[in-house]
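To be precise, the following lines are data_29.txt, and they hold compact mmCIF, C-alpha atoms.
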```txt
# COMPACT_ATOMS: atom_id res chain seq x y z
CA MET C 1 115.92 -132.52 28.05
CA THR C 2 119.14 -130.80 26.99
CA LYS C 3 120.99 -132.35 24.07
CA TYR C 4 123.86 -134.59 25.12
CA CYS C 5 126.31 -132.49 23.13
CA ASP C 6 125.55 -129.59 25.50
CA PHE C 7 126.18 -131.64 28.66
CA THR C 8 129.22 -130.90 30.76
CA LYS C 9 131.62 -133.72 31.48
CA ALA C 10 130.20 -134.03 35.00
CA GLN C 11 126.65 -134.21 33.64
CA LEU C 12 127.64 -136.90 31.15
CA GLU C 13 129.27 -138.96 33.90
CA SER C 14 126.16 -138.65 36.08
CA GLU C 15 123.89 -139.56 33.16
CA LEU C 16 126.05 -142.56 32.28
CA ALA C 17 125.96 -143.86 35.86
CA ALA C 18 122.15 -143.64 35.95
CA LEU C 19 121.85 -145.39 32.59
CA GLN C 20 124.22 -148.17 33.60
CA SER C 21 122.07 -148.77 36.67
CA ARG C 22 118.95 -149.17 34.48
CA TYR C 23 120.89 -151.37 32.10
CA GLY C 24 122.12 -153.59 34.92
CA GLU C 25 118.56 -154.21 36.07
CA PHE C 26 117.67 -155.56 32.64
CA CYS C 27 120.81 -157.69 32.46
CA ALA C 28 119.88 -159.31 35.76
CA LYS C 29 116.62 -160.58 34.26
CA ASN C 30 118.42 -162.91 31.79
CA LEU C 31 116.06 -161.94 28.98
CA LYS C 32 116.00 -163.52 25.52
CA LEU C 33 114.43 -161.05 23.09
CA ASP C 34 114.72 -161.23 19.30
CA MET C 35 114.40 -158.28 16.90
CA SER C 36 116.88 -159.67 14.39
CA ARG C 37 114.82 -160.64 11.32
CA GLY C 38 111.62 -159.41 9.70
CA LYS C 39 109.50 -162.46 10.43
CA PRO C 40 105.70 -162.58 10.67
CA CYS C 41 104.42 -163.43 14.14
CA THR C 42 102.17 -166.42 14.89
CA GLN C 43 99.00 -164.32 14.71
CA GLN C 44 99.93 -163.23 11.19
CA LEU C 45 100.62 -166.78 10.09
CA ASP C 46 97.26 -167.87 11.49
CA LEU C 47 95.52 -165.54 9.04
CA SER C 48 96.38 -167.91 6.19
CA LEU C 49 95.56 -171.27 7.76
CA ALA C 50 92.57 -171.62 5.45
CA LEU C 51 95.07 -172.26 2.64
CA ASN C 52 95.19 -175.79 4.01
CA ASP C 53 91.47 -176.20 3.25
CA CYS C 54 91.94 -175.68 -0.47
CA HIS C 55 91.69 -179.11 -2.11
CA ASN C 56 90.79 -178.29 -5.70
CA TYR C 57 93.50 -179.81 -7.86
CA VAL C 58 92.16 -178.73 -11.25
CA SER C 59 92.95 -175.25 -12.58
CA ASP C 60 91.66 -174.18 -16.00
CA GLY C 61 91.21 -177.86 -16.86
CA PHE C 62 94.75 -178.76 -15.84
CA ASP C 63 95.58 -181.21 -13.04
CA VAL C 64 98.08 -179.22 -10.96
CA ARG C 65 99.41 -182.40 -9.34
CA ASN C 66 101.09 -183.42 -12.58
CA TYR C 67 104.00 -182.23 -14.72
CA GLY C 68 103.71 -179.19 -16.97
CA LEU C 69 103.04 -175.45 -16.98
CA LEU C 70 106.67 -174.44 -16.54
CA ASP C 71 105.86 -170.76 -16.03
CA GLY C 72 102.95 -171.27 -13.61
CA ILE C 73 99.21 -171.92 -13.64
CA PRO C 74 97.07 -169.29 -15.41
CA ALA C 75 95.03 -168.40 -12.31
CA CYS C 76 98.14 -167.55 -10.29
CA LYS C 77 99.69 -165.63 -13.19
CA LYS C 78 96.48 -163.60 -13.44
CA LEU C 79 96.60 -162.81 -9.71
CA PHE C 80 100.19 -161.54 -9.81
CA ALA C 81 99.65 -159.71 -13.09
CA GLU C 82 96.86 -157.76 -11.39
CA LEU C 83 99.01 -157.03 -8.33
CA LEU C 84 101.98 -155.87 -10.40
CA GLY C 85 100.09 -154.07 -13.14
CA VAL C 86 101.52 -156.04 -16.06
CA GLY C 87 100.21 -158.49 -18.63
CA GLU C 88 99.84 -162.15 -17.72
CA GLN C 89 102.27 -162.99 -20.54
CA ASN C 90 104.91 -160.99 -18.62
CA ILE C 91 104.66 -163.13 -15.48
CA ILE C 92 106.45 -166.30 -14.39
CA ILE C 93 105.37 -167.95 -11.13
CA GLY C 94 108.27 -169.20 -9.05
CA PRO C 95 108.96 -171.11 -5.83
CA ASN C 96 108.23 -169.95 -2.28
CA SER C 97 110.90 -167.23 -2.22
CA SER C 98 111.67 -164.28 -4.49
CA LEU C 99 115.23 -164.53 -3.17
CA THR C 100 115.56 -167.73 -5.22
CA LEU C 101 114.34 -165.91 -8.31
CA MET C 102 116.91 -163.15 -7.81
CA PHE C 103 119.77 -165.57 -7.18
CA ASP C 104 118.85 -167.63 -10.23
CA TYR C 105 118.57 -164.56 -12.43
CA ILE C 106 121.98 -163.24 -11.40
CA SER C 107 123.37 -166.73 -12.00
CA GLN C 108 121.81 -166.74 -15.48
CA CYS C 109 123.36 -163.37 -16.25
CA PHE C 110 126.69 -164.64 -14.98
CA THR C 111 126.73 -167.74 -17.18
CA HIS C 112 124.73 -166.61 -20.22
CA GLY C 113 124.46 -162.85 -19.98
CA ALA C 114 121.42 -160.62 -19.81
CA GLY C 115 121.28 -160.37 -23.59
CA SER C 116 124.81 -160.64 -24.90
CA THR C 117 128.14 -161.26 -23.12
CA PRO C 118 128.04 -163.56 -20.07
CA TRP C 119 129.11 -161.59 -17.02
CA CYS C 120 131.69 -164.25 -16.15
CA LYS C 121 133.59 -163.31 -19.32
CA LEU C 122 133.75 -159.60 -18.48
CA PRO C 123 136.94 -158.17 -16.89
CA LYS C 124 134.91 -156.84 -13.94
CA VAL C 125 131.27 -156.71 -12.90
CA LYS C 126 129.94 -154.03 -10.55
CA PHE C 127 126.50 -153.48 -9.03
CA LEU C 128 124.93 -150.39 -7.50
CA CYS C 129 123.53 -150.90 -4.01
CA PRO C 130 121.32 -148.25 -2.38
CA VAL C 131 122.33 -148.02 1.28
CA PRO C 132 121.28 -148.74 3.87
CA GLY C 133 119.79 -151.73 2.11
CA TYR C 134 118.82 -155.40 2.15
CA ASP C 135 121.60 -157.67 3.36
CA ARG C 136 120.52 -160.67 1.27
CA HIS C 137 120.98 -158.67 -1.92
CA PHE C 138 124.54 -158.05 -0.85
CA THR C 139 125.04 -161.73 0.00
CA ILE C 140 124.03 -162.76 -3.53
CA LEU C 141 126.43 -160.30 -5.12
CA GLU C 142 129.28 -161.23 -2.81
CA TYR C 143 128.73 -164.91 -3.61
CA PHE C 144 129.34 -164.21 -7.30
CA GLY C 145 132.28 -161.92 -6.61
CA ILE C 146 130.46 -158.88 -7.98
CA GLU C 147 131.87 -155.60 -6.73
CA MET C 148 129.30 -153.56 -4.80
CA ILE C 149 129.11 -149.77 -4.91
CA ASN C 150 127.28 -147.86 -2.19
CA VAL C 151 124.64 -145.41 -3.41
CA PRO C 152 123.22 -143.18 -0.66
CA MET C 153 119.46 -143.22 -0.13
CA THR C 154 117.53 -139.97 0.03
CA GLN C 155 113.96 -139.51 1.26
CA SER C 156 112.85 -139.96 -2.37
CA GLY C 157 114.92 -143.04 -3.20
CA PRO C 158 118.51 -143.61 -4.40
CA ASP C 159 120.68 -140.56 -5.06
CA MET C 160 120.04 -140.43 -8.80
CA ALA C 161 122.85 -137.98 -9.50
CA ALA C 162 125.23 -140.62 -8.16
CA VAL C 163 123.48 -143.41 -10.08
CA GLU C 164 123.61 -141.46 -13.34
CA GLU C 165 127.33 -140.89 -12.85
CA TYR C 166 128.14 -144.50 -11.91
CA VAL C 167 126.34 -146.02 -14.92
CA LYS C 168 128.78 -144.23 -17.24
CA ASP C 169 131.16 -147.07 -16.26
CA SER C 170 130.55 -150.05 -18.58
CA ALA C 171 131.54 -152.43 -15.77
CA VAL C 172 128.40 -151.40 -13.84
CA GLN C 173 125.96 -154.08 -14.93
CA GLY C 174 123.03 -153.47 -12.62
CA MET C 175 121.36 -152.18 -9.50
CA PHE C 176 119.22 -153.67 -6.76
CA CYS C 177 116.15 -151.70 -5.64
CA VAL C 178 113.42 -152.14 -3.02
CA PRO C 179 111.17 -149.41 -4.44
CA LYS C 180 108.27 -149.48 -1.98
CA TYR C 181 108.91 -149.29 1.77
CA SER C 182 112.62 -149.89 1.27
CA ASN C 183 114.47 -152.21 3.61
CA PRO C 184 115.24 -150.86 6.20
CA GLN C 185 114.18 -147.20 5.92
CA GLY C 186 110.64 -147.68 4.64
CA ILE C 187 111.12 -145.16 1.82
CA THR C 188 108.93 -145.33 -1.29
CA TYR C 189 110.60 -144.07 -4.44
CA SER C 190 109.11 -140.83 -5.76
CA ASP C 191 107.65 -140.63 -9.27
CA SER C 192 110.66 -138.53 -10.25
CA VAL C 193 113.13 -141.19 -9.08
CA VAL C 194 111.20 -143.99 -10.80
CA ARG C 195 111.23 -141.99 -14.04
CA LYS C 196 114.95 -141.27 -13.74
CA ILE C 197 115.66 -144.96 -13.24
CA ALA C 198 113.50 -145.81 -16.25
CA ALA C 199 115.35 -143.20 -18.32
CA LEU C 200 118.88 -144.40 -17.51
CA LYS C 201 121.26 -144.81 -20.43
CA PRO C 202 123.99 -147.00 -18.97
CA ALA C 203 127.26 -147.70 -20.74
CA ALA C 204 126.69 -151.43 -20.14
CA ALA C 205 124.54 -152.73 -22.98
CA ASP C 206 122.69 -155.23 -20.79
CA PHE C 207 122.36 -153.23 -17.57
CA ARG C 208 119.63 -154.70 -15.36
CA VAL C 209 117.67 -153.25 -12.46
CA ILE C 210 116.43 -155.93 -10.04
CA TRP C 211 113.16 -154.36 -8.84
CA ASP C 212 112.55 -156.24 -5.58
CA ASN C 213 108.98 -155.18 -4.82
CA ALA C 214 108.89 -157.18 -1.61
CA TYR C 215 106.47 -154.87 0.23
CA ILE C 216 104.09 -154.00 -2.59
CA VAL C 217 100.95 -154.52 -0.44
CA HIS C 218 102.50 -154.27 3.02
CA ASP C 219 100.84 -151.03 4.06
CA LEU C 220 100.49 -149.87 7.66
CA ALA C 221 98.92 -146.43 7.26
CA ASP C 222 95.34 -145.60 6.30
CA GLU C 223 96.79 -143.58 3.42
CA PRO C 224 99.52 -145.86 2.05
CA ASP C 225 102.37 -144.78 -0.19
CA ALA C 226 101.81 -144.99 -3.94
CA LEU C 227 104.56 -146.30 -6.22
CA LEU C 228 104.63 -145.42 -9.90
CA ASN C 229 104.57 -148.60 -12.02
CA ILE C 230 107.97 -148.57 -13.71
CA PHE C 231 106.71 -150.85 -16.50
CA ASP C 232 104.35 -148.07 -17.56
CA VAL C 233 107.32 -145.71 -17.91
CA LEU C 234 110.06 -147.87 -19.44
CA PRO C 235 108.64 -147.83 -23.01
CA GLU C 236 108.90 -144.03 -23.06
CA TYR C 237 112.70 -144.43 -23.02
CA GLY C 238 113.08 -147.63 -25.01
CA ASN C 239 114.18 -149.48 -21.87
CA GLU C 240 111.58 -152.25 -21.72
CA ASP C 241 114.26 -154.90 -21.09
CA MET C 242 116.14 -153.03 -18.36
CA VAL C 243 114.00 -153.97 -15.34
CA VAL C 244 113.24 -157.37 -13.85
CA GLU C 245 110.71 -157.27 -11.01
CA VAL C 246 110.18 -159.87 -8.28
CA CYS C 247 107.77 -160.27 -5.40
CA SER C 248 106.30 -163.05 -3.28
CA THR C 249 103.68 -163.97 -0.70
CA SER C 250 106.34 -164.79 1.88
CA LYS C 251 105.04 -162.09 4.27
CA ILE C 252 101.46 -162.40 3.02
CA THR C 253 100.78 -166.09 3.67
CA PHE C 254 103.62 -168.37 4.81
CA PRO C 255 107.32 -167.46 4.50
CA GLY C 256 108.32 -171.09 4.03
CA ALA C 257 105.42 -172.03 1.78
CA GLY C 258 104.45 -169.00 -0.26
CA VAL C 259 104.54 -168.27 -3.97
CA SER C 260 106.86 -165.90 -5.82
CA ALA C 261 106.62 -164.18 -9.17
CA ILE C 262 108.87 -162.49 -11.67
CA ALA C 263 107.64 -159.77 -14.05
CA ALA C 264 109.65 -158.73 -17.09
CA SER C 265 109.60 -157.83 -20.76
CA ALA C 266 108.87 -160.39 -23.45
CA ASN C 267 112.59 -160.70 -24.25
CA ASN C 268 113.56 -161.28 -20.62
CA ILE C 269 110.68 -163.73 -20.07
CA ALA C 270 111.81 -165.75 -23.08
CA MET C 271 115.39 -165.95 -21.78
CA ILE C 272 114.27 -166.91 -18.28
CA LYS C 273 111.92 -169.60 -19.61
CA LYS C 274 114.73 -171.05 -21.71
CA ARG C 275 116.86 -171.38 -18.57
CA LEU C 276 113.93 -172.79 -16.56
CA GLY C 277 113.43 -175.42 -19.24
CA ALA C 278 116.83 -176.81 -18.34
CA GLN C 279 116.52 -176.15 -14.61
CA THR C 280 113.15 -177.58 -13.59
CA ILE C 281 110.00 -179.33 -14.76
CA SER C 282 107.86 -176.81 -12.90
CA TYR C 283 107.52 -175.22 -9.49
CA ASP C 284 104.87 -176.27 -6.95
CA LYS C 285 101.62 -175.87 -8.88
CA MET C 286 99.49 -177.27 -6.06
CA ASN C 287 100.69 -174.38 -3.90
CA GLN C 288 100.02 -171.96 -6.74
CA GLN C 289 96.47 -173.28 -6.98
CA ARG C 290 95.94 -172.97 -3.22
CA HIS C 291 96.98 -169.33 -3.34
CA ALA C 292 94.87 -168.54 -6.40
CA GLU C 293 91.83 -170.19 -4.83
CA PHE C 294 92.41 -168.54 -1.44
CA PHE C 295 92.78 -164.99 -2.80
CA LYS C 296 91.07 -165.02 -6.23
CA ASN C 297 92.05 -161.40 -6.98
CA ALA C 298 94.27 -158.49 -5.94
CA ALA C 299 91.47 -156.82 -3.95
CA ALA C 300 91.28 -159.88 -1.69
CA VAL C 301 95.05 -159.75 -1.15
CA LYS C 302 94.82 -156.12 -0.06
CA GLN C 303 91.96 -156.89 2.34
CA HIS C 304 94.03 -159.72 3.77
CA MET C 305 96.95 -157.33 4.31
CA LYS C 306 94.73 -154.99 6.33
CA LYS C 307 94.43 -157.82 8.84
CA HIS C 308 98.22 -158.03 8.95
CA ALA C 309 98.45 -154.28 9.53
CA ALA C 310 96.01 -154.47 12.43
CA ILE C 311 98.36 -156.93 14.13
CA ILE C 312 101.72 -155.29 13.49
CA LYS C 313 100.95 -151.55 13.39
CA PRO C 314 100.70 -151.43 17.22
CA LYS C 315 104.16 -153.00 17.36
CA PHE C 316 105.64 -150.30 15.16
CA ASP C 317 103.92 -147.75 17.41
CA ILE C 318 105.47 -149.31 20.53
CA VAL C 319 108.96 -148.88 19.12
CA ALA C 320 108.31 -145.38 17.74
CA THR C 321 106.84 -144.20 21.06
CA ARG C 322 109.80 -145.55 23.03
CA LEU C 323 112.33 -144.02 20.63
CA GLU C 324 110.63 -140.63 20.91
CA LYS C 325 110.37 -140.82 24.70
CA GLU C 326 113.96 -141.91 25.28
CA LEU C 327 115.85 -140.26 22.41
CA GLY C 328 113.63 -137.57 20.94
CA THR C 329 115.32 -134.52 22.47
CA LEU C 330 118.88 -135.76 23.00
CA GLY C 331 120.28 -135.11 19.52
CA ILE C 332 121.92 -138.53 19.34
CA ALA C 333 119.62 -140.50 17.02
CA GLU C 334 117.25 -140.31 14.06
CA TRP C 335 114.78 -142.97 12.92
CA SER C 336 112.20 -143.70 10.27
CA VAL C 337 108.43 -143.83 10.84
CA PRO C 338 107.39 -145.80 7.76
CA ASN C 339 103.92 -146.12 6.25
CA GLY C 340 104.55 -149.78 5.54
CA GLY C 341 107.10 -152.54 5.14
CA TYR C 342 108.74 -154.52 7.91
CA PHE C 343 111.44 -152.39 9.48
CA ILE C 344 112.41 -149.24 11.31
CA SER C 345 115.80 -147.78 10.47
CA LEU C 346 117.64 -146.22 13.41
CA ASP C 347 120.70 -144.03 12.93
CA VAL C 348 122.62 -143.53 16.17
CA MET C 349 125.62 -141.33 16.89
CA PRO C 350 128.34 -142.14 14.32
CA GLY C 351 130.89 -144.56 15.68
CA THR C 352 128.54 -146.12 18.25
CA ALA C 353 126.30 -148.65 16.44
CA GLY C 354 128.70 -151.52 17.11
CA GLN C 355 128.75 -150.72 20.82
CA VAL C 356 124.95 -150.47 20.87
CA GLY C 357 124.77 -153.94 19.33
CA ARG C 358 127.16 -155.36 21.91
CA LEU C 359 125.26 -153.82 24.82
CA CYS C 360 121.97 -155.15 23.51
CA LYS C 361 123.38 -158.64 23.08
CA GLU C 362 124.74 -158.68 26.63
CA ALA C 363 121.29 -157.65 27.89
CA GLY C 364 119.59 -160.44 25.94
CA VAL C 365 118.35 -158.48 22.89
CA VAL C 366 119.28 -159.88 19.48
CA LEU C 367 119.40 -157.29 16.69
CA THR C 368 120.22 -157.62 13.01
CA SER C 369 124.01 -157.68 12.87
CA VAL C 370 125.30 -154.13 12.94
CA GLY C 371 126.67 -153.28 9.50
CA ALA C 372 124.41 -155.80 7.73
CA THR C 373 122.54 -153.01 5.93
CA PHE C 374 125.71 -152.20 3.96
CA PRO C 375 127.74 -154.25 1.46
CA TYR C 376 130.39 -156.47 3.01
CA GLY C 377 128.83 -155.78 6.43
CA LYS C 378 130.72 -152.51 6.69
CA ASP C 379 128.77 -149.42 7.69
CA PRO C 380 131.28 -146.63 6.96
CA ASP C 381 129.80 -144.44 9.70
CA ASP C 382 129.02 -147.24 12.17
CA LYS C 383 125.60 -145.73 12.85
CA ASN C 384 122.75 -147.73 11.24
CA ILE C 385 120.66 -150.28 13.12
CA ARG C 386 117.75 -152.18 11.57
CA ILE C 387 114.83 -152.82 13.93
CA ALA C 388 112.39 -155.63 13.11
CA PRO C 389 109.26 -155.15 15.28
CA THR C 390 106.89 -157.74 13.81
CA TYR C 391 107.86 -161.05 15.43
CA PRO C 392 108.10 -160.48 19.22
CA PRO C 393 104.98 -160.32 21.41
CA GLU C 394 104.16 -156.74 22.39
CA ALA C 395 105.40 -157.05 26.00
CA GLU C 396 108.75 -158.47 24.86
CA LEU C 397 109.01 -155.85 22.13
CA ALA C 398 108.45 -153.05 24.64
CA ALA C 399 111.24 -154.39 26.84
CA ALA C 400 113.58 -154.85 23.87
CA ALA C 401 112.90 -151.30 22.64
CA GLU C 402 113.65 -149.89 26.10
CA ILE C 403 116.93 -151.81 26.33
CA LEU C 404 117.86 -150.63 22.84
CA CYS C 405 117.26 -147.00 23.80
CA ILE C 406 119.30 -147.36 27.00
CA ALA C 407 122.13 -148.88 24.95
CA VAL C 408 121.99 -146.01 22.46
CA ARG C 409 122.23 -143.49 25.28
CA ILE C 410 125.06 -145.33 27.05
CA ALA C 411 127.09 -145.60 23.84
CA ALA C 412 126.55 -141.91 23.12
CA CYS C 413 127.64 -140.85 26.61
CA GLU C 414 130.72 -143.04 26.39
CA LYS C 415 131.60 -141.59 22.98
CA LEU C 416 131.17 -138.01 24.16
CA LEU C 417 133.19 -138.65 27.33
CA GLU C 418 135.92 -140.26 25.26
CA ASN C 419 136.09 -137.12 23.12
CA ALA C 420 136.01 -134.90 26.21
CA LYS C 421 139.22 -136.39 27.61
```

With the file now loaded, output its structure as structure tokens.
Amino acid sequence: MTKYCDFTKAQLESELAALQSRYGEFCAKNLKLDMSRGKPCTQQLDLSLALNDCHNYVSDGFDVRNYGLLDGIPACKKLFAELLGVGEQNIIIGPNSSLTLMFDYISQCFTHGAGSTPWCKLPKVKFLCPVPGYDRHFTILEYFGIEMINVPMTQSGPDMAAVEEYVKDSAVQGMFCVPKYSNPQGITYSDSVVRKIAALKPAAADFRVIWDNAYIVHDLADEPDALLNIFDVLPEYGNEDMVVEVCSTSKITFPGAGVSAIAASANNIAMIKKRLGAQTISYDKMNQQRHAEFFKNAAAVKQHMKKHAAIIKPKFDIVATRLEKELGTLGIAEWSVPNGGYFISLDVMPGTAGQVGRLCKEAGVVLTSVGATFPYGKDPDDKNIRIAPTYPPEAELAAAAEILCIAVRIAACEKLLENAK
């Protein structure tokens, strides 16, 4: 099909009329379809039901039902150390969500600093945010009044020329990263980008990179992406304390009842444990034991994730096939085809994403709020839409993807006709 930009005004009007007819048919069905959040579907959750059959309450001679072991049970620390490629002494096991770990760490930096001056005593605190990115990172920063700076993503990771320039400002205290299968684009940072991050020499003495490795084992392809372990590289540049890594089993077992972990240098671990000593007696060690008993080692986790991939890969394919069929030749959209993670990133014609979101909502399709993939909810180009394919049943997902594509085409035709007047 000819690109929309080459259509005459009459052709655009005819195309728009045909699309509005298709759209009206969907609206008449009163559908309720949800592609708003990256949630596991029921079939994925069922994969971990055997966790409920784990009733061993003794781990390495310790009764996990009781007080103690502030930083987590040894068996669970060993499991995460293997997954993350660090020493067990560099691991703290947390609650069900890595989001809690990130919030608490930023709070610690705010009140006590990351090594020296508490951030709350600084004239200004800024954070670098690769965009499009994860909305909950932005929510944490906004809560603390930390100024967010957009850093464009490339196909290899954050624009490191921009990062290297920004960190010359001593007010820039850190950066959030999702280094493997980034949210929402599904980009895995190249070895070069990981090394450049590890080699940063920021003006801020206690600059911290929050390495949110949320999708470390969430592969979809037979040949998954490989991410260089940044902890293997940091010592080469004397930056062992610069990175704090988090991950969790939220999309491995149960989102509401998983286990999280934080990996960091000895200095950072000591500071975090000091704060935890005032904050809690310990996290849920019975849940830690269930997970350690259920998985036993990293190889078992990866085998478990192949079962997840078998369930959700067809869903990603449904969306990708529909996008290609409806939009592939029109020149009005680009999208990611990730090897893993939980999302597909769709870039529509600039200035139309908001209208696409409104059209989808009116037709019964709930998307992630347009703009959510940028700080303050403001997409400067009004073009990015995050698609979450995992939760809906395949039939509902197919309908939602078709409605989305119709909305993208309608918004593009309207925009082009508006400019043609």

Would you mind telling me which residue in C:Leu416, C:Cys5, C:Leu83, C:Met35 lies nearest to Phe316 of chain C when using all atoms listed in the file?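 Nearest candidate to Phe316 of chain C out of C:Leu416, C:Cys5, C:Leu83, C:Met35: C:Met35.
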
**Report entry** For His112 of chain C: contacts at 12 Å, all atoms listed in the file, fewer than 4 positions along chain excluded, given as number ranges by chain
**Finding:** C: 104-108, 116-122, 206, 271-272, 274-275

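Comparing the minimum interatomic distances between Phe343 of chain C and each of C:Leu99, C:Ile187, C:Ala203, C:Val246, counting only C-alpha atoms, we find that C:Ile187 sits nearest.
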
| request: Work out how far apart atom CA of Val301 of chain C and atom CA of Asn287 of chain C are and give it in Å to one decimal. | output: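 Pair atom CA of Val301 of chain C / atom CA of Asn287 of chain C returns 15.9 Å.
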
Could you give me, as JSON, numbers by chain, the residues that sit within 9 Å of (95.6, -153.8, -2.0) in the file's coordinates, counting all atoms listed in the file? {"C": [83, 216, 217, 218, 219, 298, 299, 300, 301, 302, 303, 304, 305, 306]}

Q: Determine, counting only C-alpha atoms, which protein, DNA and RNA residues have an atom within 12 Å of an atom of Ala395 of chain C; residues of the same chain fewer than 4 positions away are not included. Present the result as a PyMOL selection string.
A: chain C and resi 33+314-315+318-319+389+391+399-402

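Shortest separation to Asn183 of chain C among C:Gly258, C:Pro40, C:Gly340, C:Gly364 occurs at residue C:Gly340, atoms counted being only C-alpha atoms.
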
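Between atom CA of Asn268 of chain C and atom CA of Ala114 of chain C the interatomic distance comes to 7.9 Å.
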
_Show me, as a VMD selection string, the residues that have an atom within 12 Å of Lys180 of chain C when counting all atoms listed in the file, minus same-chain residues fewer than 6 positions from it._
chain C and resid 155 to 157 186 to 191 193 to 194 211 to 219 224 to 230 247 338 to 342

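The smallest atom-to-atom distance between Ile387 of chain C and any of C:Glu240, C:Glu418, C:Asp53, C:Asp347, using only C-alpha atoms, is found for C:Asp347.
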
Atom CA of Asp381 of chain C sits from atom CA of Lys9 of chain C at a separation of 24.3 Å

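The closest residue to Lys273 of chain C, picked from C:Ile93, C:Gln11, C:Ser48, C:Ala18 and counting all atoms listed in the file, is C:Ile93.
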
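Near Ala372 of chain C, within a cut-off of 10 Å and counting all atoms listed in the file, sit the residues Pro132, Gly133, Tyr134, Asp135, Arg136, Phe138, Thr139, Thr368, Ser369, Val370, Phe374, Pro375, Tyr376, Gly377, Lys378, Asp379, Asn384, Ile385 and Arg386 of chain C, with same-chain residues fewer than 2 positions away left out.
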
Could you pull the residues within 9 Å of Lys168 of chain C, counting all atoms listed in the file, minus those fewer than 5 positions along the same chain, as a VMD selection string?
chain C and resid 163 201 to 204

Kindly save the residues from that selection, with C-alpha atoms included, as a short mmCIF file (atom, residue, chain, number, x, y, z; two decimals), in the frame of the given file.
```cif
data_model
loop_
_atom_site.label_atom_id
_atom_site.label_comp_id
_atom_site.auth_asym_id
_atom_site.auth_seq_id
_atom_site.Cartn_x
_atom_site.Cartn_y
_atom_site.Cartn_z
CA VAL C 163 123.48 -143.41 -10.08
CA LYS C 201 121.26 -144.81 -20.43
CA PRO C 202 123.99 -147.00 -18.97
CA ALA C 203 127.26 -147.70 -20.74
CA ALA C 204 126.69 -151.43 -20.14
#
```

Report the centre and edge lengths, in Å to one decimal, of an axis-aligned box enclosing every atom of segment 69-72 of chain C listed in the file, padded by 8 Å on each side, as JSON.
```
{"center_x": 104.8, "center_y": -173.1, "center_z": -15.3, "size_x": 19.7, "size_y": 20.7, "size_z": 19.4}
```
